[in-house]
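File shown: upload.cif (mmCIF, C-alpha atoms).
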data_input
loop_
_atom_site.label_atom_id
_atom_site.label_comp_id
_atom_site.auth_asym_id
_atom_site.auth_seq_id
_atom_site.Cartn_x
_atom_site.Cartn_y
_atom_site.Cartn_z
CA MET A 111 109.69 -122.81 -99.95
CA THR A 112 107.22 -125.67 -99.61
CA ALA A 113 104.29 -123.28 -99.97
CA ALA A 114 105.80 -121.72 -103.09
CA LEU A 115 106.43 -125.10 -104.66
CA ALA A 116 102.95 -126.30 -103.73
CA LEU A 117 101.46 -123.17 -105.33
CA LEU A 118 103.41 -123.65 -108.54
CA ALA A 119 102.38 -127.31 -108.63
CA PHE A 120 98.77 -126.28 -108.05
CA ALA A 121 98.91 -123.77 -110.91
CA ALA A 122 100.34 -126.40 -113.24
CA LEU A 123 97.76 -128.95 -112.15
CA VAL A 124 94.86 -126.55 -112.69
CA ARG A 125 96.18 -125.55 -116.10
CA ILE A 126 96.70 -129.11 -117.29
CA SER A 127 93.42 -130.48 -115.98
CA ALA A 128 91.42 -127.50 -117.26
CA LEU A 129 92.78 -127.97 -120.77
CA ARG A 130 92.26 -131.69 -120.61
CA VAL A 131 88.81 -131.80 -119.01
CA LEU A 132 86.84 -128.64 -119.75
CA PRO A 133 86.86 -128.26 -123.56
CA GLY A 134 85.61 -131.80 -124.16
CA ALA A 135 83.21 -132.07 -121.25
CA ALA A 136 79.49 -132.26 -121.95
CA TRP A 137 78.26 -130.42 -118.86
CA PRO A 138 79.40 -126.87 -119.78
CA ARG A 139 77.18 -127.05 -122.83
CA ARG A 140 74.28 -128.23 -120.69
CA ALA A 141 74.87 -125.55 -118.06
CA PRO A 142 76.71 -122.80 -119.96
CA ARG A 143 76.70 -120.26 -117.17
CA LEU A 144 78.45 -122.70 -114.84
CA GLY A 145 80.87 -123.39 -117.66
CA VAL A 146 81.69 -119.68 -117.83
CA VAL A 147 82.17 -119.59 -114.05
CA ALA A 148 84.52 -122.59 -114.27
CA TRP A 149 86.66 -120.94 -116.96
CA GLN A 150 86.78 -117.73 -114.97
CA ALA A 151 87.88 -119.60 -111.85
CA VAL A 152 90.66 -121.28 -113.83
CA THR A 153 91.67 -117.99 -115.45
CA LEU A 154 92.06 -116.34 -112.06
CA ALA A 155 93.40 -119.29 -110.05
CA VAL A 156 96.44 -119.90 -112.26
CA PRO A 157 97.99 -116.41 -112.15
CA ALA A 158 96.93 -115.94 -108.51
CA SER A 159 98.82 -119.10 -107.53
CA VAL A 160 101.96 -118.00 -109.36
CA ILE A 161 101.85 -114.51 -107.84
CA LEU A 162 101.33 -115.94 -104.36
CA ALA A 163 104.20 -118.40 -104.92
CA GLY A 164 106.49 -115.45 -105.58
CA LEU A 165 105.27 -113.69 -102.47
CA ALA A 166 105.69 -116.83 -100.36
CA LEU A 167 109.34 -116.98 -101.45
CA ALA A 168 109.76 -113.35 -100.48
CA VAL A 169 108.24 -113.51 -96.98
CA PRO A 170 111.46 -114.52 -95.17
CA VAL A 171 113.49 -111.71 -96.69
CA LEU A 172 110.84 -109.06 -96.24
CA PRO A 173 111.09 -107.81 -92.68
CA VAL A 174 107.91 -105.77 -93.03
CA ALA A 175 105.81 -108.63 -94.39
CA ALA A 176 106.91 -110.94 -91.60
CA GLU A 177 106.26 -108.34 -88.90
CA ASP A 178 102.83 -107.45 -90.27
CA MET A 179 101.73 -111.03 -90.68
CA SER A 180 103.01 -111.95 -87.24
CA ASP A 181 100.98 -109.10 -85.74
CA VAL A 182 97.87 -110.37 -87.42
CA LEU A 183 98.47 -114.02 -86.59
CA GLY A 184 99.85 -113.61 -83.10
CA ALA A 185 103.02 -115.49 -84.00
CA CYS A 186 106.43 -113.96 -83.90
CA ALA A 187 108.26 -112.71 -86.94
CA VAL A 188 111.24 -115.02 -86.40
CA LEU A 189 108.99 -118.07 -86.53
CA LEU A 190 107.19 -116.85 -89.59
CA ARG A 191 110.46 -116.41 -91.38
CA GLU A 192 111.44 -119.92 -90.37
CA HIS A 193 108.23 -121.36 -91.71
CA TYR A 194 108.70 -119.72 -95.09
CA GLU A 195 112.44 -120.51 -95.01
CA THR A 196 113.98 -120.56 -98.45
CA PRO A 197 117.27 -122.22 -99.30
CA GLY A 198 119.14 -119.65 -101.31
CA GLY A 199 117.80 -117.03 -98.98
CA PHE A 200 117.93 -113.50 -100.17
CA VAL A 201 118.46 -114.16 -103.89
CA VAL A 202 115.52 -116.55 -104.22
CA GLY A 203 113.32 -114.28 -102.12
CA PHE A 204 114.27 -111.28 -104.19
CA PHE A 205 113.47 -113.00 -107.48
CA GLY A 206 110.23 -114.34 -106.02
CA LEU A 207 109.17 -110.84 -105.12
CA LEU A 208 110.29 -109.47 -108.47
CA GLY A 209 108.31 -112.14 -110.31
CA ALA A 210 105.19 -111.56 -108.23
CA VAL A 211 105.31 -107.80 -108.77
CA ALA A 212 106.01 -108.17 -112.49
CA LEU A 213 103.16 -110.63 -113.03
CA SER A 214 100.72 -108.53 -110.99
CA ALA A 215 101.70 -105.43 -112.96
CA ARG A 216 101.30 -107.29 -116.22
CA TRP A 217 97.77 -108.34 -115.28
CA GLY A 218 96.92 -104.89 -113.99
CA PHE A 219 98.03 -103.26 -117.23
CA SER A 220 96.25 -105.86 -119.34
CA VAL A 221 92.95 -105.45 -117.55
CA ALA A 222 93.23 -101.65 -117.67
CA GLY A 223 94.29 -101.73 -121.33
CA GLU A 224 91.47 -104.05 -122.30
CA LEU A 225 88.90 -101.93 -120.47
CA ARG A 226 90.21 -98.78 -122.16
CA THR A 227 90.17 -100.34 -125.66
CA VAL A 228 86.71 -101.76 -125.18
CA HIS A 229 85.36 -98.51 -123.74
CA ARG A 230 86.71 -96.44 -126.64
CA HIS A 231 85.46 -98.90 -129.23
CA ARG A 232 81.98 -98.96 -127.72
CA ALA A 233 81.76 -95.18 -127.42
CA ARG A 234 82.69 -94.83 -131.09
CA GLN A 235 80.10 -97.38 -132.13
CA ARG A 236 77.38 -95.99 -129.89
CA ASP A 237 77.91 -92.39 -131.01
CA GLY A 238 78.34 -93.39 -134.64
CA PHE A 239 75.19 -95.49 -134.84
CA ALA A 240 73.18 -92.86 -132.97
CA LEU A 241 73.72 -90.52 -135.94
CA VAL A 242 72.41 -92.89 -138.59
CA SER A 243 69.87 -95.18 -136.95
CA ARG A 244 66.32 -94.67 -135.93
CA ARG A 245 65.10 -95.74 -132.56
CA ASP A 246 62.42 -98.39 -132.51
CA VAL A 247 60.74 -97.63 -129.22
CA LEU A 248 58.56 -100.72 -129.24
CA SER A 249 61.42 -103.22 -129.37
CA GLY A 250 63.95 -100.93 -127.71
CA THR A 251 66.42 -101.31 -130.58
CA TRP A 252 68.36 -99.05 -132.93
CA VAL A 253 67.68 -99.84 -136.55
CA VAL A 254 70.34 -98.97 -139.11
CA ASP A 255 69.86 -99.02 -142.87
CA ASP A 256 72.22 -101.67 -144.16
CA GLU A 257 71.56 -104.72 -146.24
CA ARG A 258 74.06 -106.89 -144.37
CA PRO A 259 72.07 -108.87 -141.81
CA ALA A 260 73.43 -108.28 -138.32
CA VAL A 261 72.10 -108.16 -134.78
CA PHE A 262 74.43 -107.15 -131.98
CA CYS A 263 74.55 -105.28 -128.74
CA ILE A 264 76.86 -102.56 -127.51
CA PRO A 265 77.17 -103.08 -123.75
CA GLY A 266 77.88 -100.18 -121.43
CA HIS A 267 76.02 -97.08 -120.34
CA PRO A 268 73.69 -96.73 -122.07
CA ALA A 269 73.61 -100.19 -123.62
CA ARG A 270 72.23 -100.51 -127.14
CA VAL A 271 70.87 -103.30 -129.29
CA VAL A 272 71.54 -102.58 -132.97
CA VAL A 273 69.68 -104.32 -135.81
CA THR A 274 70.21 -103.81 -139.53
CA THR A 275 67.32 -103.54 -141.96
CA GLY A 276 68.98 -106.50 -143.70
CA ALA A 277 68.44 -108.61 -140.58
CA LEU A 278 64.84 -107.43 -140.18
CA SER A 279 64.03 -108.37 -143.75
CA VAL A 280 65.28 -111.98 -143.51
CA LEU A 281 63.79 -112.78 -140.09
CA THR A 282 60.19 -113.62 -139.36
CA PRO A 283 58.52 -111.56 -136.60
CA GLN A 284 58.93 -114.44 -134.15
CA GLN A 285 62.59 -114.83 -135.06
CA ARG A 286 63.15 -111.10 -134.57
CA VAL A 287 61.75 -111.31 -131.06
CA LEU A 288 63.98 -114.28 -130.28
CA ALA A 289 67.12 -112.65 -131.69
CA LEU A 290 66.46 -109.50 -129.66
CA ALA A 291 65.75 -111.55 -126.53
CA HIS A 292 69.12 -113.22 -127.09
CA GLU A 293 70.90 -109.85 -127.19
CA LYS A 294 69.04 -108.60 -124.14
CA ALA A 295 70.07 -111.77 -122.30
CA HIS A 296 73.70 -110.83 -123.06
CA LEU A 297 73.13 -107.45 -121.47
CA THR A 298 71.24 -108.59 -118.39
CA GLY A 299 73.65 -111.51 -117.93
CA ARG A 300 76.59 -109.06 -118.03
CA HIS A 301 78.31 -111.38 -120.46
CA HIS A 302 80.65 -108.63 -121.57
CA LEU A 303 82.37 -108.75 -118.18
CA ALA A 304 83.25 -112.43 -118.61
CA LEU A 305 84.41 -111.70 -122.16
CA THR A 306 86.51 -108.77 -120.98
CA LEU A 307 88.25 -110.87 -118.32
CA ALA A 308 88.99 -113.57 -120.89
CA ALA A 309 90.32 -110.97 -123.36
CA ALA A 310 92.46 -109.34 -120.66
CA ALA A 311 93.98 -112.72 -119.75
CA ARG A 312 94.89 -113.27 -123.37
CA ARG A 313 96.32 -109.78 -123.61
CA ALA A 314 98.50 -110.53 -120.56
CA HIS A 315 99.71 -113.81 -122.08
CA PRO A 316 99.16 -113.70 -125.84
CA ARG A 317 100.90 -117.02 -126.45
CA SER A 318 99.22 -119.02 -123.70
CA ARG A 319 97.11 -121.89 -124.98
CA LEU A 320 95.10 -121.97 -121.76
CA PHE A 321 93.89 -118.38 -122.12
CA ALA A 322 93.26 -118.74 -125.84
CA VAL A 323 91.05 -121.76 -125.21
CA ALA A 324 89.42 -120.01 -122.23
CA GLU A 325 88.52 -117.02 -124.39
CA ALA A 326 87.06 -119.09 -127.21
CA GLU A 327 85.10 -121.32 -124.83
CA THR A 328 83.79 -118.34 -122.85
CA ALA A 329 82.64 -116.67 -126.07
CA MET A 330 80.75 -119.77 -127.09
CA LEU A 331 79.29 -120.51 -123.65
CA VAL A 332 77.88 -116.98 -123.20
CA GLU A 333 76.16 -117.39 -126.56
CA MET A 334 74.66 -120.69 -125.42
CA HIS A 335 73.54 -119.12 -122.17
CA ALA A 336 71.88 -116.27 -124.07
CA ASP A 337 70.22 -118.83 -126.36
CA ASP A 338 68.81 -120.62 -123.31
CA ARG A 339 67.54 -117.40 -121.79
CA ALA A 340 66.01 -116.19 -125.04
CA ALA A 341 63.99 -119.22 -126.06
CA VAL A 342 61.74 -121.61 -124.19
CA ALA A 343 61.86 -125.20 -125.44
CA SER A 344 59.18 -124.75 -128.09
CA ASP A 345 60.94 -121.69 -129.56
CA ARG A 346 64.35 -123.28 -129.87
CA PRO A 347 63.99 -124.52 -133.47
CA GLN A 348 62.95 -120.99 -134.50
CA LEU A 349 65.97 -119.48 -132.76
CA ALA A 350 68.15 -122.01 -134.58
CA ALA A 351 66.54 -120.97 -137.88
CA ALA A 352 67.19 -117.29 -137.10
CA LEU A 353 70.78 -118.11 -136.32
CA VAL A 354 71.27 -119.94 -139.60
CA LYS A 355 69.68 -117.08 -141.57
CA LEU A 356 71.98 -114.48 -140.01
CA ALA A 357 75.13 -116.59 -140.14
CA ALA A 358 74.60 -117.16 -143.84
CA GLY A 359 74.42 -113.47 -144.76
CA PRO A 360 76.71 -112.02 -147.41
CA GLN A 361 80.32 -111.87 -146.28
CA PRO A 362 81.28 -108.40 -145.08
CA VAL A 363 84.39 -107.02 -146.71
CA GLY A 364 87.55 -107.39 -144.66
CA THR A 365 86.23 -110.13 -142.43
CA MET A 366 88.35 -113.19 -142.13
CA ALA A 367 87.03 -116.69 -142.40
CA ILE A 368 85.68 -117.49 -139.00
CA ASN A 369 85.74 -120.91 -137.45
CA GLY A 370 82.20 -122.16 -137.75
CA GLY A 371 82.49 -124.49 -134.78
CA PRO A 372 80.55 -122.40 -132.26
CA ALA A 373 77.61 -121.61 -134.56
CA ILE A 374 77.22 -125.24 -135.56
CA GLN A 375 77.39 -126.38 -131.95
CA ARG A 376 74.75 -123.82 -131.00
CA VAL A 377 72.37 -124.91 -133.75
CA GLN A 378 72.83 -128.57 -132.87
CA ARG A 379 72.23 -127.75 -129.26
CA LEU A 380 69.06 -125.79 -129.98
CA LEU A 381 67.65 -128.63 -132.07
CA THR A 382 68.37 -131.43 -129.60
CA THR A 383 67.48 -130.78 -126.01
CA GLY A 384 69.65 -132.76 -123.65
CA PRO A 385 68.83 -133.56 -120.04
CA ALA A 386 69.50 -130.74 -117.58
CA LEU A 387 72.11 -131.12 -114.86
CA THR A 388 70.90 -132.30 -111.49
CA GLN A 389 71.14 -129.96 -108.51
CA HIS A 390 73.81 -132.25 -107.12
CA GLN A 391 75.94 -131.84 -110.24
CA ARG A 392 75.43 -128.07 -110.26
CA TRP A 393 76.56 -127.76 -106.66
CA SER A 394 79.65 -129.88 -107.18
CA ILE A 395 80.66 -127.63 -110.07
CA ARG A 396 80.10 -124.50 -107.97
CA LEU A 397 82.10 -125.96 -105.09
CA THR A 398 84.96 -126.92 -107.39
CA ALA A 399 85.09 -123.39 -108.80
CA LEU A 400 85.07 -121.94 -105.29
CA THR A 401 87.83 -124.32 -104.23
CA LEU A 402 89.92 -123.26 -107.21
CA MET A 403 89.61 -119.66 -106.08
CA LEU A 404 90.32 -120.27 -102.39
CA ALA A 405 93.02 -122.92 -102.67
CA PRO A 406 95.88 -120.58 -103.69
CA VAL A 407 95.28 -118.31 -100.70
CA LEU A 408 95.01 -121.26 -98.31
CA ILE A 409 98.19 -122.89 -99.62
CA ALA A 410 100.07 -119.59 -99.43
CA ALA A 411 98.87 -118.96 -95.88
CA ALA A 412 99.40 -122.51 -94.60
CA PRO A 413 102.90 -121.98 -93.14
CA ALA A 414 101.75 -118.77 -91.46
CA LEU A 415 98.74 -120.49 -89.97
CA GLU A 416 100.95 -123.27 -88.76
CA ALA A 417 103.28 -120.77 -87.16
CA ALA A 418 100.38 -119.16 -85.40
CA LEU A 419 98.59 -122.31 -84.31
CA LEU A 420 101.20 -124.91 -83.52
CA ASP A 421 104.22 -122.97 -82.42
CA TYR A 422 104.83 -120.58 -79.64
CA CYS A 423 107.41 -117.92 -79.60
CA ARG A 424 110.07 -117.76 -76.96
CA LEU A 425 110.46 -114.10 -76.34
CA PRO A 426 113.67 -112.94 -74.79
CA ILE A 427 112.81 -111.77 -71.30
CA HIS A 428 113.81 -108.28 -70.49
CA THR A 429 114.20 -107.32 -66.92
CA MET B 277 71.61 -82.88 -121.90
CA LYS B 278 69.09 -85.54 -122.90
CA GLY B 279 67.67 -84.95 -126.34
CA LEU B 280 70.89 -83.55 -127.74
CA GLY B 281 71.56 -86.96 -129.28
CA GLU B 282 68.57 -86.62 -131.54
CA LEU B 283 69.61 -83.10 -132.48
CA GLU B 284 73.11 -84.39 -133.28
CA ALA B 285 71.61 -86.80 -135.79
CA GLN B 286 69.50 -84.03 -137.36
CA VAL B 287 72.49 -81.71 -137.61
CA MET B 288 74.58 -84.45 -139.20
CA GLU B 289 71.88 -85.08 -141.81
CA ILE B 290 71.93 -81.37 -142.68
CA LEU B 291 75.70 -81.35 -143.01
CA TRP B 292 75.66 -84.52 -145.10
CA SER B 293 73.16 -83.08 -147.56
CA ALA B 294 74.92 -79.71 -147.76
CA GLU B 295 77.14 -78.91 -150.72
CA SER B 296 79.79 -77.14 -148.68
CA ALA B 297 80.84 -76.39 -145.12
CA LEU B 298 78.12 -74.65 -143.09
CA ALA B 299 78.26 -72.00 -140.41
CA VAL B 300 76.35 -72.46 -137.15
CA ARG B 301 73.73 -69.92 -138.31
CA GLN B 302 73.15 -71.84 -141.56
CA VAL B 303 72.66 -75.11 -139.65
CA LEU B 304 70.24 -73.41 -137.28
CA ASP B 305 68.23 -72.06 -140.23
CA ALA B 306 68.13 -75.47 -141.91
CA LEU B 307 66.72 -77.19 -138.81
CA PRO B 308 62.95 -77.66 -138.67
CA GLN B 309 61.47 -74.52 -137.14
CA ASP B 310 59.04 -76.43 -134.90
CA ARG B 311 60.96 -75.44 -131.81
CA ASN B 312 62.63 -72.28 -130.79
CA ARG B 313 66.24 -73.40 -130.70
CA ALA B 314 69.02 -71.29 -129.36
CA TYR B 315 72.06 -70.53 -131.47
CA THR B 316 74.24 -71.71 -128.59
CA THR B 317 72.50 -75.11 -128.52
CA VAL B 318 73.42 -75.73 -132.14
CA MET B 319 76.92 -74.49 -131.43
CA THR B 320 77.22 -77.00 -128.56
CA VAL B 321 75.97 -79.82 -130.77
CA LEU B 322 78.47 -78.97 -133.51
CA ASP B 323 81.20 -78.74 -130.92
CA ASN B 324 80.28 -82.22 -129.60
CA LEU B 325 80.30 -83.63 -133.12
CA HIS B 326 83.70 -82.09 -133.68
CA ARG B 327 85.02 -83.52 -130.43
CA LYS B 328 83.82 -86.98 -131.50
CA ASP B 329 85.59 -86.54 -134.88
CA PHE B 330 82.40 -86.76 -136.90
CA VAL B 331 82.87 -83.26 -138.40
CA HIS B 332 85.84 -81.14 -139.42
CA ARG B 333 85.80 -77.38 -139.06
CA GLU B 334 87.62 -74.46 -140.55
CA ARG B 335 87.65 -70.82 -139.65
CA VAL B 336 86.04 -68.50 -142.18
CA GLY B 337 86.42 -64.92 -141.06
CA ARG B 338 85.34 -64.94 -137.43
CA ALA B 339 83.06 -67.97 -137.56
CA TRP B 340 83.67 -71.71 -137.68
CA HIS B 341 82.35 -73.60 -140.69
CA TYR B 342 81.59 -77.30 -140.32
CA ARG B 343 81.60 -80.19 -142.79
CA PRO B 344 81.23 -83.95 -142.24
CA ALA B 345 84.42 -85.96 -141.80
CA THR B 346 83.12 -88.60 -144.23
CA SER B 347 80.07 -89.09 -146.45
CA ARG B 348 77.04 -90.71 -144.87
CA ASP B 349 77.62 -93.95 -146.80
CA ALA B 350 81.24 -94.14 -145.73
CA HIS B 351 80.22 -93.45 -142.14
CA VAL B 352 77.74 -96.36 -142.10
CA ALA B 353 80.14 -98.63 -143.98
CA GLY B 354 82.93 -97.88 -141.51
CA LEU B 355 80.74 -98.58 -138.49
CA MET B 356 79.37 -101.77 -139.99
CA SER B 357 82.68 -103.24 -140.99
CA GLU B 358 84.02 -102.41 -137.55
CA ALA B 359 80.96 -104.03 -136.00
CA LEU B 360 81.12 -107.12 -138.19
CA ASP B 361 84.87 -107.63 -138.03
CA THR B 362 85.06 -110.17 -135.28
CA GLY B 363 88.11 -111.94 -136.65
CA GLY B 364 91.67 -111.23 -135.65
CA ASP B 365 91.99 -108.93 -132.70
CA ARG B 366 88.56 -109.51 -131.29
CA THR B 367 87.55 -107.36 -128.39
CA ALA B 368 84.67 -107.76 -126.02
CA ALA B 369 83.27 -104.44 -127.21
CA LEU B 370 80.27 -105.85 -129.02
CA VAL B 371 78.37 -109.04 -128.48
CA HIS B 372 76.92 -110.53 -131.64
CA PHE B 373 73.87 -112.64 -132.10
CA VAL B 374 75.91 -114.84 -134.41
CA GLU B 375 79.04 -114.34 -136.44
CA GLN B 376 78.87 -114.56 -140.19
CA LEU B 377 80.18 -117.74 -141.70
CA PRO B 378 81.87 -118.62 -144.97
CA PRO B 379 79.40 -120.10 -147.50
CA GLU B 380 80.36 -123.75 -147.09
CA GLU B 381 79.88 -123.63 -143.31
CA ALA B 382 76.59 -121.79 -143.71
CA ALA B 383 75.46 -124.56 -146.05
CA GLU B 384 76.34 -127.11 -143.40
CA LEU B 385 74.20 -125.22 -140.90
CA ARG B 386 71.27 -125.12 -143.29
CA ALA B 387 71.51 -128.86 -143.88
CA LEU B 388 71.48 -129.41 -140.15
CA LEU B 389 68.31 -127.38 -139.80
CA ASP B 390 66.63 -129.13 -142.73
CA ARG B 391 67.38 -132.57 -141.32
CA SER B 392 65.75 -131.68 -138.03
CA ARG B 393 62.55 -130.66 -139.80
CA GLU B 394 62.09 -133.97 -141.55
#
Mind turning this structure into structure tokens?
Amino acid sequence: MTAALALLAFAALVRISALRVLPGAAWPRRAPRLGVVAWQAVTLAVPASVILAGLALAVPVLPVAAEDMSDVLGACAVLLREHYETPGGFVVGFFGLLGAVALSARWGFSVAGELRTVHRHRARQRDGFALVSRRDVLSGTWVVDDERPAVFCIPGHPARVVVTTGALSVLTPQQRVLALAHEKAHLTGRHHLALTLAAAARRAHPRSRLFAVAEAETAMLVEMHADDRAAVASDRPQLAAALVKLAAGPQPVGTMAINGGPAIQRVQRLLTTGPALTQHQRWSIRLTALTLMLAPVLIAAAPALEAALLDYCRLPIHT
Amino acid sequence: MKGLGELEAQVMEILWSAESALAVRQVLDALPQDRNRAYTTVMTVLDNLHRKDFVHRERVGRAWHYRPATSRDAHVAGLMSEALDTGGDRTAALVHFVEQLPPEEAAELRALLDRSRE
């Protein structure tokens, strides 16, 4: 019971502090990749804690779980059950298990559903553009005749960078190189995986504010990371200019008004170079993210470890 | 199988510029004669295009006749609006260089850039 409550409290704490601290913090914009890692850690730690809380409630009423764990830990099943003791007994344990299974299934289906949607969408785009674009071997891009300026990549196998003639005509040669380097940084940085996780979390919990914020922040931070990878300091104003040119293209039909926040933040960021994070700061962020990931498992296992380490089991002696 | 992609594009161009549905033989004859292409290769390509929903086919006598599912312009327009539509139900399918902005926000961006140049 204590473990389950501690896990639920941990989940709530992570959720509240992530929403309060991360969106306004300056460091994710200075070290965008670490920012993405932090959001991913939060995105996984919250549901993992809740699932483990359900399982912790269920341990005492699950004979198999207790036997298995006691084998592994060298404690006896009776003690394990005692350490996970739940007032309310069977009913609470049953609902804990039900909740854990339901939440795991929900996440499993969301991740699978998101992967399937994304895969189908990409295949359609890749096959469709292959029919109407010419391959520019030199830059490794697919050029499609369309006056709307756009540069984007289709991740997957094989990955493609697509450029419209509209984009080529408004960009200077240097800006073209920078825009393409930005897209290639997305591909080599495997940014689509972070985006897919964020999208799957939102699919699992469409009304959650945490996952909505996590998705928007992840989308912006991967762009900032790609900006950093694409342009050395002296090129950053040119990348900003390319960004402004493409963002200001004619509105495509059927596109909704998009919040301009991220683009403006990126341009500002490219034009004013802030100090980089110190190694010390980077390591503390990494350690925090790692702690977020490990803490749920440690809290869930604490009673079991205690049973194994501190107690001994009085076995009935058979003669 | 590599190289079929290019042939798919060529075959589509032929179908798009044709007045009516074409049989495999007609597509083969319309292809540039620089290489000795097998009838079955063209058949495979048309079959792939059909599987991907880019062409429709109908049976005329004993042979299949193929025509594009949409005009070339509609094909490009459909892909582009799908590619550019990042609002609403956004998926992680494509990663954009930058999303397009409404005019007033674009103006704000331009002002920002101009100020930095002064």
Requested in this report: Would you kindly return, as a PyMOL selection string, each protein, DNA or RNA residue with an atom no farther than 8 Å from any atom of B:Ala345, considering only C-alpha atoms and excluding same-chain residues fewer than 3 positions away?
Outcome: chain B and resi 329-332
Expected file contents, prior selection, C-alpha atoms, as a PDB file, in the coordinates of the input:
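Result went into selection.pdb, see below:
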ATOM      1  CA  ASP B 329      85.590 -86.540-134.880  1.00  0.00           C
ATOM      2  CA  PHE B 330      82.400 -86.760-136.900  1.00  0.00           C
ATOM      3  CA  VAL B 331      82.870 -83.260-138.400  1.00  0.00           C
ATOM      4  CA  HIS B 332      85.840 -81.140-139.420  1.00  0.00           C
TER       5      HIS B 332
END
Report task. Just the residues within 9 Å of B:Ser296, please, counting all atoms listed in the file, with nothing from its chain fewer than 3 positions along; format it as number ranges by chain. Result -> B: 291, 293, 342-343
Report task. Taking the file above as input, evaluate the PyMOL selection byres ((chain A) within 6 of (chain B)) and report the hits as a list in words. Result -> Val228, Arg232, Leu241, Val261, Phe262, Cys263, Ile264, Leu305, Thr306, Ala357, Ala358, Thr365 and Met366 of chain A
Report task. Determine, counting all atoms listed in the file, which protein, DNA and RNA residues have an atom within 8 Å of an atom of A:Ala113; residues of the same chain fewer than 4 positions away are not included. Present the result as a ChimeraX atom specification. Result -> /A:117,163,166,194,409-410,412-413
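The two atoms in question, atom CA of A:Ala291 and atom CA of A:Ala340, are spaced 4.9 Å apart.
Coordinates place atom CA of A:Pro157 at a distance of 12.5 Å from atom CA of A:Leu123.
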Requested in this report: Given the file shown, enumerate the residues that the PyMOL selection byres ((chain A and resi 171) around 12) captures and present them as a VMD selection string.
Outcome: chain A and resid 164 to 170 172 to 177 187 to 188 190 to 192 194 to 207
Writer output for current selection, C-alpha atoms, as a PDB file, keeping the file's coordinate frame:
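Written output follows (again.pdb):
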ATOM      1  CA  GLY A 164     106.490-115.450-105.580  1.00  0.00           C
ATOM      2  CA  LEU A 165     105.270-113.690-102.470  1.00  0.00           C
ATOM      3  CA  ALA A 166     105.690-116.830-100.360  1.00  0.00           C
ATOM      4  CA  LEU A 167     109.340-116.980-101.450  1.00  0.00           C
ATOM      5  CA  ALA A 168     109.760-113.350-100.480  1.00  0.00           C
ATOM      6  CA  VAL A 169     108.240-113.510 -96.980  1.00  0.00           C
ATOM      7  CA  PRO A 170     111.460-114.520 -95.170  1.00  0.00           C
ATOM      8  CA  LEU A 172     110.840-109.060 -96.240  1.00  0.00           C
ATOM      9  CA  PRO A 173     111.090-107.810 -92.680  1.00  0.00           C
ATOM     10  CA  VAL A 174     107.910-105.770 -93.030  1.00  0.00           C
ATOM     11  CA  ALA A 175     105.810-108.630 -94.390  1.00  0.00           C
ATOM     12  CA  ALA A 176     106.910-110.940 -91.600  1.00  0.00           C
ATOM     13  CA  GLU A 177     106.260-108.340 -88.900  1.00  0.00           C
ATOM     14  CA  ALA A 187     108.260-112.710 -86.940  1.00  0.00           C
ATOM     15  CA  VAL A 188     111.240-115.020 -86.400  1.00  0.00           C
ATOM     16  CA  LEU A 190     107.190-116.850 -89.590  1.00  0.00           C
ATOM     17  CA  ARG A 191     110.460-116.410 -91.380  1.00  0.00           C
ATOM     18  CA  GLU A 192     111.440-119.920 -90.370  1.00  0.00           C
ATOM     19  CA  TYR A 194     108.700-119.720 -95.090  1.00  0.00           C
ATOM     20  CA  GLU A 195     112.440-120.510 -95.010  1.00  0.00           C
ATOM     21  CA  THR A 196     113.980-120.560 -98.450  1.00  0.00           C
ATOM     22  CA  PRO A 197     117.270-122.220 -99.300  1.00  0.00           C
ATOM     23  CA  GLY A 198     119.140-119.650-101.310  1.00  0.00           C
ATOM     24  CA  GLY A 199     117.800-117.030 -98.980  1.00  0.00           C
ATOM     25  CA  PHE A 200     117.930-113.500-100.170  1.00  0.00           C
ATOM     26  CA  VAL A 201     118.460-114.160-103.890  1.00  0.00           C
ATOM     27  CA  VAL A 202     115.520-116.550-104.220  1.00  0.00           C
ATOM     28  CA  GLY A 203     113.320-114.280-102.120  1.00  0.00           C
ATOM     29  CA  PHE A 204     114.270-111.280-104.190  1.00  0.00           C
ATOM     30  CA  PHE A 205     113.470-113.000-107.480  1.00  0.00           C
ATOM     31  CA  GLY A 206     110.230-114.340-106.020  1.00  0.00           C
ATOM     32  CA  LEU A 207     109.170-110.840-105.120  1.00  0.00           C
TER      33      LEU A 207
END
Query - Resolved residues for the PyMOL selection byres ((chain A and resi 332-338) around 8) as a PyMOL selection string - result: (chain A and resi 139+141-143+146+292-293+295-296+299+301+328-331+339-342+349+376+380) or (chain B and resi 373)
Write out, as a tab-separated table (two decimals), in the coordinates of the input, the residues just selected, with C-alpha atoms.
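Below is the file selection12.tsv, written as the result:
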chain	number	residue	atom	x	y	z
A	139	ARG	CA	77.18	-127.05	-122.83
A	141	ALA	CA	74.87	-125.55	-118.06
A	142	PRO	CA	76.71	-122.80	-119.96
A	143	ARG	CA	76.70	-120.26	-117.17
A	146	VAL	CA	81.69	-119.68	-117.83
A	292	HIS	CA	69.12	-113.22	-127.09
A	293	GLU	CA	70.90	-109.85	-127.19
A	295	ALA	CA	70.07	-111.77	-122.30
A	296	HIS	CA	73.70	-110.83	-123.06
A	299	GLY	CA	73.65	-111.51	-117.93
A	301	HIS	CA	78.31	-111.38	-120.46
A	328	THR	CA	83.79	-118.34	-122.85
A	329	ALA	CA	82.64	-116.67	-126.07
A	330	MET	CA	80.75	-119.77	-127.09
A	331	LEU	CA	79.29	-120.51	-123.65
A	339	ARG	CA	67.54	-117.40	-121.79
A	340	ALA	CA	66.01	-116.19	-125.04
A	341	ALA	CA	63.99	-119.22	-126.06
A	342	VAL	CA	61.74	-121.61	-124.19
A	349	LEU	CA	65.97	-119.48	-132.76
A	376	ARG	CA	74.75	-123.82	-131.00
A	380	LEU	CA	69.06	-125.79	-129.98
B	373	PHE	CA	73.87	-112.64	-132.10
